[in-house]
file target.csv (CSV, C-alpha atoms)
chain,number,residue,atom,x,y,z
A,1,MET,CA,112.1,-6.8,206.2
A,2,TRP,CA,115.2,-5.9,208.1
A,3,ASN,CA,116.4,-3.9,205.2
A,4,ASP,CA,113.2,-1.8,205.1
A,5,ARG,CA,113.5,-1.1,208.9
A,6,LEU,CA,117.2,-0.3,208.4
A,7,ASN,CA,116.4,2.2,205.7
A,8,ARG,CA,113.8,3.8,207.9
A,9,ILE,CA,116.2,4.1,210.8
A,10,LEU,CA,119.0,5.5,208.6
A,11,ASP,CA,116.5,8.0,207.0
A,12,GLY,CA,115.5,9.1,210.6
A,13,GLU,CA,111.9,8.0,210.1
A,14,GLU,CA,112.1,5.5,212.9
A,15,ARG,CA,113.8,6.1,216.2
A,16,ILE,CA,115.6,3.3,218.1
A,17,SER,CA,114.3,2.7,221.6
A,18,LYS,CA,116.8,3.1,224.4
A,19,ASP,CA,116.2,-0.5,225.5
A,20,ASP,CA,117.0,-2.0,222.1
A,21,GLU,CA,120.8,-2.4,222.8
A,22,ASN,CA,121.2,-5.2,220.3
A,23,LEU,CA,119.9,-3.1,217.4
A,24,ARG,CA,122.0,-0.1,218.5
A,25,SER,CA,125.2,-2.2,218.6
A,26,GLU,CA,124.4,-3.8,215.2
A,27,LEU,CA,123.8,-0.4,213.7
A,28,LEU,CA,127.2,0.7,215.0
A,29,ILE,CA,128.9,-2.3,213.4
A,30,TYR,CA,127.1,-1.6,210.2
A,31,LYS,CA,128.2,2.1,210.2
A,32,ARG,CA,131.8,1.0,210.9
A,33,ILE,CA,131.7,-1.5,208.0
A,34,MET,CA,130.3,1.1,205.7
A,35,GLU,CA,133.1,3.6,206.7
A,36,ILE,CA,135.8,0.9,206.0
A,37,TYR,CA,134.2,-0.1,202.8
A,38,SER,CA,134.0,3.5,201.5
A,39,MET,CA,137.7,4.0,202.6
A,40,LYS,CA,138.5,0.9,200.6
A,41,LEU,CA,136.7,2.3,197.6
A,42,ASP,CA,138.6,5.5,197.8
A,43,TYR,CA,141.9,3.7,197.8
A,44,ARG,CA,144.2,4.3,194.8
A,45,PRO,CA,147.2,2.1,194.4
A,46,SER,CA,150.6,3.7,193.7
A,47,ASN,CA,152.0,3.7,190.2
A,48,ASN,CA,154.8,1.3,191.3
A,49,LEU,CA,152.3,-1.2,192.6
A,50,LYS,CA,150.2,-0.8,189.4
A,51,ASP,CA,153.2,-1.5,187.2
A,52,LYS,CA,154.1,-4.5,189.4
A,53,ILE,CA,150.6,-6.0,189.0
A,54,LEU,CA,150.5,-5.4,185.3
A,55,ARG,CA,153.9,-7.0,184.9
A,56,LYS,CA,152.6,-10.0,186.8
A,57,LEU,CA,149.6,-10.3,184.6
A,58,GLU,CA,151.8,-9.9,181.5
A,59,ARG,CA,154.1,-12.7,182.7
A,60,ARG,CA,151.1,-15.0,183.3
A,61,LYS,CA,150.0,-14.3,179.7
A,62,ARG,CA,153.4,-15.2,178.4
A,63,LEU,CA,153.8,-18.3,180.5
A,64,PRO,CA,152.2,-20.8,178.0
A,65,ILE,CA,154.4,-19.4,175.2
A,66,LEU,CA,157.5,-19.7,177.5
A,67,ILE,CA,156.6,-23.3,178.4
A,68,LEU,CA,156.0,-24.3,174.8
A,69,SER,CA,159.3,-22.7,173.5
A,70,THR,CA,161.2,-24.3,176.4
A,71,ALA,CA,159.7,-27.7,175.5
A,72,GLY,CA,160.6,-27.1,171.9
A,73,ILE,CA,164.2,-26.2,172.6
A,74,THR,CA,164.5,-29.2,175.0
A,75,ALA,CA,163.1,-31.5,172.3
A,76,LEU,CA,165.6,-30.1,169.8
A,77,PHE,CA,168.5,-30.6,172.1
A,78,LEU,CA,167.3,-34.2,172.8
A,79,ILE,CA,167.2,-34.9,169.1
A,80,LEU,CA,170.7,-33.4,168.7
A,81,PHE,CA,171.9,-35.4,171.6
A,82,VAL,CA,170.5,-38.6,170.2
A,83,GLN,CA,172.0,-37.7,166.8
A,84,PHE,CA,175.4,-37.1,168.2
A,85,PHE,CA,175.7,-39.9,170.6
A,86,PHE,CA,173.5,-42.7,169.4
A,87,THR,CA,174.0,-42.6,165.6
A,88,PRO,CA,175.9,-45.8,164.7
A,89,SER,CA,179.6,-45.0,164.1
A,90,PRO,CA,181.6,-46.8,161.4
A,91,ASN,CA,182.9,-50.1,162.3
A,92,PRO,CA,186.0,-50.8,160.3
A,93,SER,CA,187.1,-54.2,159.8
A,94,SER,CA,187.4,-56.6,162.8
A,95,SER,CA,188.6,-59.3,160.6
A,96,MET,CA,191.8,-57.7,159.3
A,97,ALA,CA,194.1,-59.6,161.5
A,98,GLY,CA,195.0,-63.0,160.6
A,99,ILE,CA,194.5,-62.7,156.9
A,100,PRO,CA,197.8,-63.2,155.1
A,101,ASN,CA,198.8,-60.6,152.6
A,102,GLU,CA,200.5,-63.2,150.5
A,103,ILE,CA,198.4,-66.2,149.6
A,104,ASN,CA,200.1,-69.4,148.7
A,105,LEU,CA,198.8,-69.9,145.2
A,106,ASN,CA,199.3,-73.0,143.2
A,107,GLU,CA,200.7,-71.1,140.3
A,108,LYS,CA,201.0,-74.0,137.8
A,109,ASN,CA,197.3,-74.5,137.8
A,110,MET,CA,196.4,-70.8,137.6
A,111,VAL,CA,195.1,-69.3,134.4
A,112,SER,CA,194.5,-65.6,133.6
A,113,PHE,CA,191.0,-64.0,133.5
A,114,PRO,CA,189.4,-64.1,130.1
A,115,ASN,CA,190.6,-61.0,128.3
A,116,ASP,CA,187.2,-59.4,127.7
A,117,LEU,CA,186.3,-59.8,131.4
A,118,VAL,CA,189.6,-58.2,132.4
A,119,GLU,CA,188.8,-55.2,130.1
A,120,VAL,CA,185.3,-54.8,131.7
A,121,LEU,CA,186.7,-55.1,135.3
A,122,LYS,CA,189.6,-52.8,134.5
A,123,THR,CA,187.2,-50.1,133.1
A,124,ILE,CA,185.0,-50.3,136.2
A,125,GLU,CA,188.0,-50.2,138.4
A,126,LEU,CA,189.3,-47.2,136.6
A,127,VAL,CA,186.1,-45.1,136.9
A,128,SER,CA,184.7,-46.3,140.2
A,129,ASP,CA,186.0,-45.2,143.6
A,130,GLY,CA,184.0,-47.8,145.5
A,131,PHE,CA,180.6,-49.3,146.1
B,1,MET,CA,172.3,-13.8,182.2
B,2,LYS,CA,169.0,-14.9,180.7
B,3,LYS,CA,169.7,-12.8,177.6
B,4,ASN,CA,173.1,-14.4,177.1
B,5,PHE,CA,171.6,-17.9,177.5
B,6,ILE,CA,169.0,-17.1,174.8
B,7,ILE,CA,171.7,-15.7,172.5
B,8,PHE,CA,173.7,-18.9,173.0
B,9,ILE,CA,170.7,-21.1,172.2
B,10,VAL,CA,169.8,-19.1,169.1
B,11,SER,CA,173.4,-19.2,167.9
B,12,LEU,CA,173.5,-23.0,168.4
B,13,LEU,CA,170.3,-23.4,166.4
B,14,LEU,CA,171.5,-21.1,163.6
B,15,LEU,CA,174.8,-23.0,163.5
B,16,HIS,CA,172.9,-26.3,163.1
B,17,LEU,CA,170.6,-24.9,160.4
B,18,PHE,CA,173.6,-23.3,158.7
B,19,ALA,CA,175.5,-26.6,158.7
B,20,GLU,CA,172.6,-28.3,157.0
B,21,ASN,CA,172.3,-25.6,154.5
B,22,ILE,CA,175.8,-25.9,153.0
B,23,VAL,CA,175.5,-29.7,152.8
B,24,ASP,CA,172.1,-29.4,151.2
B,25,LEU,CA,173.5,-26.9,148.7
B,26,TRP,CA,176.2,-29.5,147.8
B,27,LYS,CA,173.6,-32.2,147.4
B,28,ARG,CA,171.6,-30.1,144.9
B,29,VAL,CA,174.4,-28.1,143.1
B,30,SER,CA,174.9,-28.4,139.4
B,31,TYR,CA,178.4,-27.7,138.0
B,32,HIS,CA,181.0,-28.4,135.4
B,33,SER,CA,184.5,-29.2,136.5
B,34,ARG,CA,187.9,-30.7,135.6
B,35,ARG,CA,189.2,-32.9,138.4
B,36,VAL,CA,192.0,-35.2,139.4
B,37,LEU,CA,191.9,-38.3,141.5
B,38,ILE,CA,195.1,-39.3,143.3
B,39,GLU,CA,195.0,-42.5,145.3
B,40,THR,CA,197.7,-44.2,147.4
B,41,GLY,CA,197.5,-47.3,149.4
B,42,VAL,CA,196.5,-50.8,148.2
B,43,SER,CA,197.6,-49.5,144.8
B,44,SER,CA,198.5,-46.1,143.5
B,45,ARG,CA,196.5,-44.5,140.7
B,46,VAL,CA,195.8,-41.1,139.2
B,47,ARG,CA,192.8,-40.2,137.1
B,48,LEU,CA,192.1,-37.0,135.2
B,49,GLU,CA,188.5,-36.3,134.2
B,50,GLU,CA,185.9,-33.7,133.2
B,51,ILE,CA,182.6,-33.8,134.9
B,52,TYR,CA,179.1,-32.4,134.4
B,53,ARG,CA,176.7,-32.8,137.3
B,54,TRP,CA,173.1,-31.5,137.2
B,55,MET,CA,169.9,-32.5,139.0
B,56,GLY,CA,171.2,-35.8,140.2
B,57,ASN,CA,172.7,-36.8,136.8
B,58,LYS,CA,176.4,-37.2,136.3
B,59,LEU,CA,178.4,-37.3,133.0
B,60,VAL,CA,182.1,-38.0,133.4
B,61,PHE,CA,184.7,-38.0,130.7
B,62,VAL,CA,187.8,-39.8,131.9
B,63,LEU,CA,190.7,-38.3,130.0
B,64,ALA,CA,193.7,-40.1,131.5
B,65,PRO,CA,195.0,-42.8,132.0
B,66,SER,CA,192.6,-43.9,129.2
B,67,ASN,CA,189.5,-42.4,127.6
B,68,VAL,CA,186.2,-43.7,129.2
B,69,ILE,CA,182.9,-42.0,129.4
B,70,TRP,CA,180.3,-42.9,132.1
B,71,PHE,CA,176.9,-41.5,132.6
B,72,ARG,CA,174.4,-41.9,135.5
B,73,THR,CA,170.8,-40.9,135.2
B,74,ASN,CA,167.8,-42.1,137.2
B,75,GLY,CA,169.9,-44.6,139.1
B,76,LYS,CA,171.1,-46.3,135.8
B,77,CYS,CA,174.8,-46.3,134.9
B,78,TYR,CA,176.2,-46.4,131.4
B,79,LEU,CA,179.7,-47.0,130.4
B,80,GLY,CA,181.8,-46.8,127.2
B,81,ASP,CA,184.9,-45.6,125.5
B,82,ALA,CA,183.1,-43.5,122.9
B,83,TYR,CA,179.7,-41.9,122.8
B,84,ASN,CA,178.0,-45.3,122.5
B,85,LEU,CA,177.4,-46.3,126.1
B,86,ARG,CA,176.1,-49.6,127.4
B,87,ARG,CA,174.5,-50.4,130.8
B,88,SER,CA,177.1,-51.1,133.4
B,89,PRO,CA,176.7,-54.3,135.4
B,90,LEU,CA,177.8,-52.5,138.6
B,91,GLU,CA,176.8,-49.1,139.9
B,92,ILE,CA,179.5,-46.5,139.3
B,93,LEU,CA,180.2,-44.3,142.3
B,94,ASP,CA,183.0,-41.7,142.4
B,95,LEU,CA,184.5,-40.3,145.6
B,96,GLU,CA,181.9,-37.5,145.7
B,97,ASP,CA,179.0,-40.0,145.4
B,98,LEU,CA,180.5,-42.1,148.3
B,99,ALA,CA,180.9,-38.9,150.4
B,100,LEU,CA,177.4,-37.8,149.7
B,101,ARG,CA,176.0,-41.3,150.6
B,102,ASP,CA,178.1,-41.6,153.8
B,103,ILE,CA,177.4,-38.1,155.1
B,104,GLU,CA,173.7,-39.0,155.3
B,105,LYS,CA,174.5,-41.6,158.1
B,106,ALA,CA,177.3,-39.7,159.8
B,107,LYS,CA,177.6,-36.9,162.3
B,108,TYR,CA,179.6,-34.2,160.6
B,109,THR,CA,181.1,-30.9,161.5
B,110,VAL,CA,181.2,-27.8,159.3
B,111,VAL,CA,183.7,-25.0,159.7
B,112,ASN,CA,183.3,-21.8,157.9
B,113,LYS,CA,186.7,-20.7,156.7
B,114,GLY,CA,185.5,-17.5,155.0
B,115,GLU,CA,186.0,-18.3,151.3
B,116,TYR,CA,185.2,-22.0,151.7
B,117,TYR,CA,183.7,-24.6,154.1
B,118,GLU,CA,185.5,-27.5,155.7
B,119,ILE,CA,183.4,-30.6,156.4
B,120,SER,CA,184.7,-33.6,158.3
B,121,PHE,CA,183.1,-36.8,159.4
B,122,GLU,CA,183.9,-40.5,159.9
B,123,LYS,CA,181.8,-43.1,158.1
B,124,ASN,CA,183.4,-45.8,156.1
B,125,GLY,CA,186.6,-43.9,156.4
B,126,LYS,CA,187.7,-40.5,157.5
B,127,TYR,CA,186.4,-37.8,155.2
B,128,LEU,CA,187.6,-34.2,154.8
B,129,ILE,CA,185.6,-32.1,152.3
B,130,PHE,CA,186.1,-28.6,151.1
B,131,LEU,CA,183.2,-26.8,149.5
B,132,ASP,CA,183.0,-23.3,148.0
B,133,LYS,CA,180.2,-20.9,149.0
B,134,THR,CA,177.9,-22.3,146.2
B,135,GLY,CA,178.3,-25.9,147.4
B,136,ILE,CA,180.6,-27.0,144.6
B,137,PRO,CA,183.4,-29.2,145.9
B,138,ILE,CA,187.0,-28.0,145.9
B,139,LYS,CA,188.5,-31.1,147.3
B,140,ILE,CA,187.3,-34.4,148.8
B,141,LYS,CA,189.7,-36.6,150.7
B,142,ARG,CA,189.0,-40.0,152.2
B,143,ASP,CA,191.2,-42.3,154.3
B,144,TYR,CA,189.9,-45.8,154.3
B,145,MET,CA,192.0,-48.5,155.9
B,146,GLY,CA,195.2,-46.9,154.8
B,147,THR,CA,194.0,-46.1,151.3
B,148,VAL,CA,194.0,-42.4,150.8
B,149,SER,CA,192.0,-41.0,147.9
B,150,GLU,CA,191.9,-37.3,147.0
B,151,LEU,CA,189.6,-35.8,144.4
B,152,ILE,CA,190.8,-32.3,143.5
B,153,PHE,CA,188.5,-30.1,141.5
B,154,GLU,CA,190.8,-27.9,139.5
B,155,TYR,CA,188.4,-25.8,137.5
B,156,ARG,CA,184.8,-25.2,138.6
B,157,GLU,CA,181.8,-23.4,137.2
B,158,PRO,CA,178.1,-23.6,138.0
B,159,ILE,CA,175.8,-24.8,135.2
B,160,ASP,CA,172.1,-24.1,135.1
B,161,LYS,CA,171.1,-26.6,132.4
B,162,PRO,CA,172.3,-30.0,131.2
B,163,PRO,CA,175.0,-30.0,128.5
B,164,GLU,CA,172.5,-30.6,125.8
B,165,GLU,CA,175.0,-30.6,122.9
B,166,ILE,CA,177.0,-33.4,124.5
B,167,LEU,CA,173.9,-35.3,125.6
B,168,SER,CA,172.6,-35.3,122.1
B,169,LYS,CA,175.7,-37.1,120.9
B,170,LEU,CA,175.3,-39.9,123.5
B,171,SER,CA,173.7,-43.1,122.5
B,172,LEU,CA,172.6,-45.3,125.4
B,173,ASP,CA,172.3,-49.0,124.9
B,174,GLU,CA,170.2,-50.8,127.5
B,175,SER,CA,171.9,-54.2,126.9
B,176,GLU,CA,174.1,-54.8,129.9
B,177,ILE,CA,177.8,-55.4,129.7
B,178,TYR,CA,178.4,-59.1,130.6
B,179,LEU,CA,179.8,-60.0,134.0
B,180,PRO,CA,179.3,-63.5,135.4
B,181,LYS,CA,176.5,-63.4,138.0
B,182,PRO,CA,178.5,-64.8,141.0
B,183,LEU,CA,181.3,-62.4,140.3
B,184,MET,CA,178.8,-59.5,140.0
B,185,ALA,CA,177.1,-60.5,143.3
B,186,LEU,CA,180.4,-60.6,145.0
B,187,LEU,CA,181.7,-57.3,143.7
B,188,GLN,CA,178.5,-55.6,144.7
B,189,ASN,CA,179.5,-56.4,148.3
B,190,PHE,CA,183.0,-54.9,148.0
B,191,ARG,CA,183.9,-51.5,149.4
B,192,PHE,CA,186.3,-51.3,146.4
B,193,PHE,CA,188.5,-53.6,144.4
B,194,ARG,CA,191.7,-53.3,142.4
B,195,ILE,CA,193.0,-55.6,139.6
B,196,GLN,CA,196.5,-56.7,140.3
B,197,ASN,CA,199.1,-58.6,138.4
B,198,TYR,CA,200.2,-61.4,140.6
B,199,LYS,CA,203.2,-63.3,139.2
B,200,GLY,CA,202.0,-62.8,135.7
B,201,ASN,CA,198.3,-63.6,136.4
B,202,MET,CA,195.6,-61.1,136.8
B,203,GLU,CA,193.6,-61.2,140.0
B,204,ILE,CA,191.1,-59.1,141.8
B,205,TYR,CA,192.1,-57.8,145.2
B,206,GLY,CA,189.3,-56.1,147.2
B,207,ILE,CA,188.0,-55.0,150.6
B,208,MET,CA,184.5,-56.1,151.4
B,209,LYS,CA,181.9,-53.8,153.1
B,210,ASN,CA,182.6,-55.6,156.4
B,211,GLY,CA,186.3,-54.7,156.0
B,212,ALA,CA,187.5,-58.2,155.1
B,213,LYS,CA,190.2,-58.6,152.5
B,214,VAL,CA,189.4,-60.9,149.6
B,215,ARG,CA,191.4,-62.2,146.6
B,216,ILE,CA,189.7,-63.6,143.5
B,217,CYS,CA,191.5,-65.5,140.8
B,218,PHE,CA,190.7,-67.8,137.9
B,219,GLY,CA,192.2,-71.3,137.6
B,220,THR,CA,191.7,-75.0,137.3
B,221,THR,CA,192.4,-76.2,140.9
B,222,PRO,CA,192.0,-74.5,144.2
B,223,PRO,CA,195.2,-72.6,145.2
B,224,SER,CA,195.2,-73.2,148.9
B,225,THR,CA,193.0,-73.7,152.0
B,226,GLY,CA,190.5,-70.9,152.9
B,227,THR,CA,189.3,-71.0,149.3
B,228,LEU,CA,185.8,-71.0,147.8
B,229,THR,CA,185.5,-72.4,144.3
B,230,ILE,CA,182.9,-71.0,142.0
B,231,GLU,CA,182.2,-72.9,138.8
B,232,LEU,CA,181.7,-70.7,135.7
B,233,ASN,CA,181.1,-71.9,132.2
B,234,ASN,CA,184.5,-73.2,131.3
B,235,THR,CA,186.6,-72.1,134.1
B,236,ARG,CA,186.7,-71.8,137.9
B,237,LEU,CA,186.8,-68.8,140.1
B,238,PHE,CA,188.7,-69.0,143.4
B,239,VAL,CA,187.8,-66.7,146.3
B,240,VAL,CA,190.5,-66.6,148.9
B,241,THR,CA,189.7,-65.1,152.3
B,242,ASP,CA,189.3,-66.2,156.0
B,243,GLU,CA,186.9,-69.1,156.9
B,244,LYS,CA,184.4,-66.8,158.6
B,245,ASN,CA,184.1,-64.6,155.5
B,246,LEU,CA,183.8,-67.5,153.2
B,247,GLU,CA,180.5,-68.5,154.8
B,248,MET,CA,179.2,-65.0,154.2
B,249,ILE,CA,180.4,-65.1,150.6
B,250,LYS,CA,178.6,-68.4,150.0
B,251,GLU,CA,175.4,-66.8,151.2
B,252,ILE,CA,175.9,-63.8,148.9
B,253,ILE,CA,176.5,-66.0,145.9
B,254,ASN,CA,173.6,-68.4,146.6
B,255,LYS,CA,171.1,-65.6,147.1

call {"tool": "encode", "arguments": {"input": "target.csv", "output": "C-alpha cells"}}
result
Amino acid sequence: MWNDRLNRILDGEERISKDDENLRSELLIYKRIMEIYSMKLDYRPSNNLKDKILRKLERRKRLPILILSTAGITALFLILFVQFFFTPSPNPSSSMAGIPNEINLNEKNMVSFPNDLVEVLKTIELVSDGF
Amino acid sequence: MKKNFIIFIVSLLLLHLFAENIVDLWKRVSYHSRRVLIETGVSSRVRLEEIYRWMGNKLVFVLAPSNVIWFRTNGKCYLGDAYNLRRSPLEILDLEDLALRDIEKAKYTVVNKGEYYEISFEKNGKYLIFLDKTGIPIKIKRDYMGTVSELIFEYREPIDKPPEEILSKLSLDESEIYLPKPLMALLQNFRFFRIQNYKGNMEIYGIMKNGAKVRICFGTTPPSTGTLTIELNNTRLFVVTDEKNLEMIKEIINK
C-alpha cells in the first residue's frame, strides 16, 4: 500500500500536503538512502585491493591442504622421533663380570667329544658366523 | 624463511627415503662374489669362499681352510663337503645374514661417499657396512664383545639368474645331520660358538644371546661347581657357566 503511494509521489502523480511533515521527512530519508546506495553501486575497488582480496580467497582455499600437509609432516616426524629414541637398543651382556675365563676342570675324568660330532660342530663353526 | 624451511623438510624426507632405498637394494640384490672372512678375538680365523646370492637363496663354496659347501633356500640349510648336501641341524648365517637381520631392528645411518655408501648401526655389536651403488656389499665389519669380524668382498658381479649349471650338480638330502637334541637346543641360543682344544680335550666355548659366556665339555664326572650335567646316550655333557645362566639353560633344554 505504502509502496503504491510512494511510487505515485515519486512519479509526481500525488502531491504531498504541506501539513504532512512526517511523510516529507521520511521521503527525504528515502532519497538520501537511495543516493548513498547508488554511490555504493558505482564504487569500483582499486586493483591493489582486488588483488589483496583475491589472495585472501586463494589462501582460504589452500588452508585445508596446508593443514593436511602440516599434519602429515608432523606425523612423519613423530614416527621418526619414536624410531630414533624409543627403538630398543642392544643390551650387551650384563653377566660378563664374575665368570672366570679359566674353569677348574677335573681333567682326569674328561673325555673328548665323539669324533663324528666334533666334525659336524667344526664344519658348522667354520661356515657360520653366528646365530 | 618459509621457503628455506620447506626445502629443509623436503631434504630430510628425501634423505630418509634414500637411506631406505640403498638398504632395500642390498636386501634384494643378486650377486656373485669371492670373499674373505677375517676374525680376531675369542679365536682368530680366516675363511676364503665364493658366494652366489639370488632372490633370498645363498650358495657358498668355502675354499679355505677346508672345502665345504652350504646352501640355503626357502629357510632350509644344507651342508656338505661335496655336491651331496644334507640338512643342517642348525641354521647357517654368515656375517651378511646377521647384518641384514640386525639392521631390521636398529636405527642406522647412511653416508653417501660418492662411489659407495657407508652404513653404521649398533645392534648385537657395532656394524660398519660398505655397499656399492648397486647394493652389493664391499665390506662388512662387526665388533661384538671384543670379537672383530670382517667380511671383505674381493670380486663382485651382479647376476640376474641362479647359477643353474652349479645347481643342477647339487644333490640335496633331506635327512638331517645328527646332533644331540639338548646340544642343538643350547647352540641355537648362542650368538656364536668356537671349538677349542683345552689341554688336549675338545670343548665348545660360546657366547649366548644374552651375552653370557658358556663352556660345554664331555666327560664322566662334573668338572666343578656352576655346572649343569646333561645325560646323553653313553656319555655326559657338562655345561659350565654362572648360576643365573644355568637356570635359563635348564629351561632351554627342558622345553

call {"tool": "interface_residues", "arguments": {"input": "target.csv", "of": "chain B", "to": "chain A", "cutoff": "6 Å", "atoms": "all atoms listed in the file", "output": "list in words"}}
result
Ile92, Leu93, Asp94, Leu95, Lys123, Asn124, Arg191, Phe192, Asn201, Met202, Asn210, Gly211, Ala212, Phe218, Gly219, Thr220 and Pro223 of chain B

call {"tool": "atom_distance", "arguments": {"input": "target.csv", "atom1": "atom CA of B:Ile216", "atom2": "atom CA of B:Leu237"}}
result
6.9 Å

call {"tool": "closest_residue", "arguments": {"input": "target.csv", "among": "B:Leu170, B:Ala64, B:Ile140, B:Leu59", "to": "B:Arg45", "atoms": "all atoms listed in the file"}}
result
B:Ala64

call {"tool": "atom_distance", "arguments": {"input": "target.csv", "atom1": "atom CA of A:Phe81", "atom2": "atom CA of B:Leu25"}}
result
24.5 Å

call {"tool": "atom_distance", "arguments": {"input": "target.csv", "atom1": "atom CA of B:Thr235", "atom2": "atom CA of B:Pro89"}}
result
20.4 Å

call {"tool": "residues_around", "arguments": {"input": "target.csv", "residues": "A:Glu14", "least_positions_apart": "4", "cutoff": "8 Å", "atoms": "only C-alpha atoms", "output": "list in words"}}
result
Arg5, Arg8 and Ile9 of chain A

call {"tool": "closest_residue", "arguments": {"input": "target.csv", "among": "B:Asn67, B:Ser120, B:Asn84, B:Asn189", "to": "B:Val23", "atoms": "all atoms listed in the file"}}
result
B:Ser120

call {"tool": "residues_around", "arguments": {"input": "target.csv", "residues": "stretch 161-166 of chain B", "least_positions_apart": "5", "cutoff": "9 Å", "atoms": "only C-alpha atoms", "output": "list in words"}}
result
Ser30, Tyr52, Arg53, Trp54, Met55 and Asn57 of chain B
